[in-house]
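Trainee: Supplied in structure tokens, the structure appears directly below.
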Amino acid sequence: QVQLVESGGGLVQPGGSLRLSCAFSGSILSLYTMGWYCQAPGKQRELVAAITYGGSTNYADSVKGRFTISRDNAKNTVYLQMNSLKPEDTAVYYCNALHILSHWEYWGQGTQVTVSS
């Protein structure tokens with residue numbers, strides 16, 4: 001059973017940075033496209049960034065140039081580097097694993113990011 005454990009969230013001032021981590025276990029990471037999603041209060045969960053095993057990435061327009069997704073396949077960990085944070089980035093951030101063949105997907109428990117002065 002795939003397990004995803006996020007860490008790295010917290011309170012940060014506007015313009016600050018955070019790095020989220022997602023520890024993957026229970027399967028073979030290379031079989032999954034990994035992503036980060038966010039969900040703000042009263043809003044739907046939406047894709048922030050995704051990365052394939054080969055390293056291809058895509059980003060939501062709202063975070064392009066500010067966030068960077070990366071993966072360390074040897075450490076079974078995916079990261080989201082968040083720079084120039086804005087109050088509108090405030091949300092719970094979830095790690096997602098999408099199996100490349102079956103399209104089964106798994107979610108972490110989420111980590112809160114709050115951007116406020």
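Lettering and numbering for the structure tokens are positional, with chains as A, B, ... in the shown order, residues counted from 1 in each chain, and ligands counted from 1 in the shown order.
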Can you tell me which residues surround Glu46 of chain A at a distance of at most 8 Å, considering only C-alpha atoms, apart from same-chain residues fewer than 3 positions away, and format the answer as an MDAnalysis selection string?
Mentor: chainID A and resid 37:39
Trainee: Could you find all residues in chain A that DSSP calls helix (DSSP H, G or I) from the backbone, and write them as a PyMOL selection string?
Mentor: chain A and resi 29-31+61-63+87-89
Trainee: Hey, could you make a per-residue contact list for segment 36-79 of chain A against segment 88-95 of chain A with 9 Å as the cut-off, showing the nearest pair of atoms and its distance in Å to one decimal, counting only C-alpha atoms, sorted by chain and number, as a Markdown table?
Mentor:
```
| residue | atom | partner | partner_atom | distance |
| --- | --- | --- | --- | --- |
| A:Trp36 | CA | A:Cys95 | CA | 4.7 |
| A:Tyr37 | CA | A:Tyr94 | CA | 5.1 |
| A:Cys38 | CA | A:Tyr93 | CA | 4.3 |
| A:Gln39 | CA | A:Ala91 | CA | 5.3 |
| A:Ala40 | CA | A:Ala91 | CA | 4.3 |
| A:Pro41 | CA | A:Ala91 | CA | 7.2 |
| A:Arg45 | CA | A:Tyr94 | CA | 8.9 |
| A:Val48 | CA | A:Tyr93 | CA | 8.8 |
| A:Val63 | CA | A:Asp89 | CA | 8.8 |
| A:Val78 | CA | A:Cys95 | CA | 8.5 |
```
Trainee: Write out as a list in words all residues of segment 58-88 of chain A that backbone DSSP assigns to strand (DSSP E or B).
Mentor: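 So, restricting segment 58-88 of chain A to strand (DSSP E or B), we get Asn58, Tyr59, Phe67, Thr68, Ile69, Ser70, Arg71, Asp72, Thr77, Val78, Tyr79, Leu80, Gln81 and Met82 of chain A.
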Trainee: Quick one: write out the picked residues with C-alpha atoms as a JSON list (two decimals), in the first residue's frame?
Mentor:
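What landed in part-v6.json:
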```
[["chain", "number", "residue", "atom", "x", "y", "z"],
["A", 58, "ASN", "CA", 4.10, 21.20, -15.27],
["A", 59, "TYR", "CA", 2.87, 24.01, -13.07],
["A", 67, "PHE", "CA", 7.56, 27.20, -7.17],
["A", 68, "THR", "CA", 9.77, 24.31, -8.21],
["A", 69, "ILE", "CA", 8.88, 20.64, -7.97],
["A", 70, "SER", "CA", 11.64, 18.04, -7.85],
["A", 71, "ARG", "CA", 12.08, 14.40, -6.96],
["A", 72, "ASP", "CA", 14.92, 12.36, -5.52],
["A", 77, "THR", "CA", 11.06, 11.84, -1.81],
["A", 78, "VAL", "CA", 9.37, 14.63, -3.75],
["A", 79, "TYR", "CA", 9.85, 18.28, -2.93],
["A", 80, "LEU", "CA", 8.05, 21.55, -3.57],
["A", 81, "GLN", "CA", 10.24, 24.62, -3.19],
["A", 82, "MET", "CA", 7.98, 27.60, -2.68]]
```
Trainee: Could you jot down the atom CA of Pro87 of chain A to atom CA of Thr114 of chain A separation for me, Å, one decimal place?
Mentor: 7.3 Å
Trainee: Pick out the residues sitting within 7 Å of segment 9-18 of chain A, and hand them over as number ranges by chain; count only C-alpha atoms, and ignore anything fewer than 6 positions along from it in its own chain.
Mentor: A: 81-87, 111-117
Trainee: Taking into account only C-alpha atoms, which residue in the set A:Thr33, A:Asn76, A:Ser62, A:Ser7 is nearest to Ile100 of chain A?
Mentor: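 With only C-alpha atoms as the atom set, the closest residue is A:Thr33.
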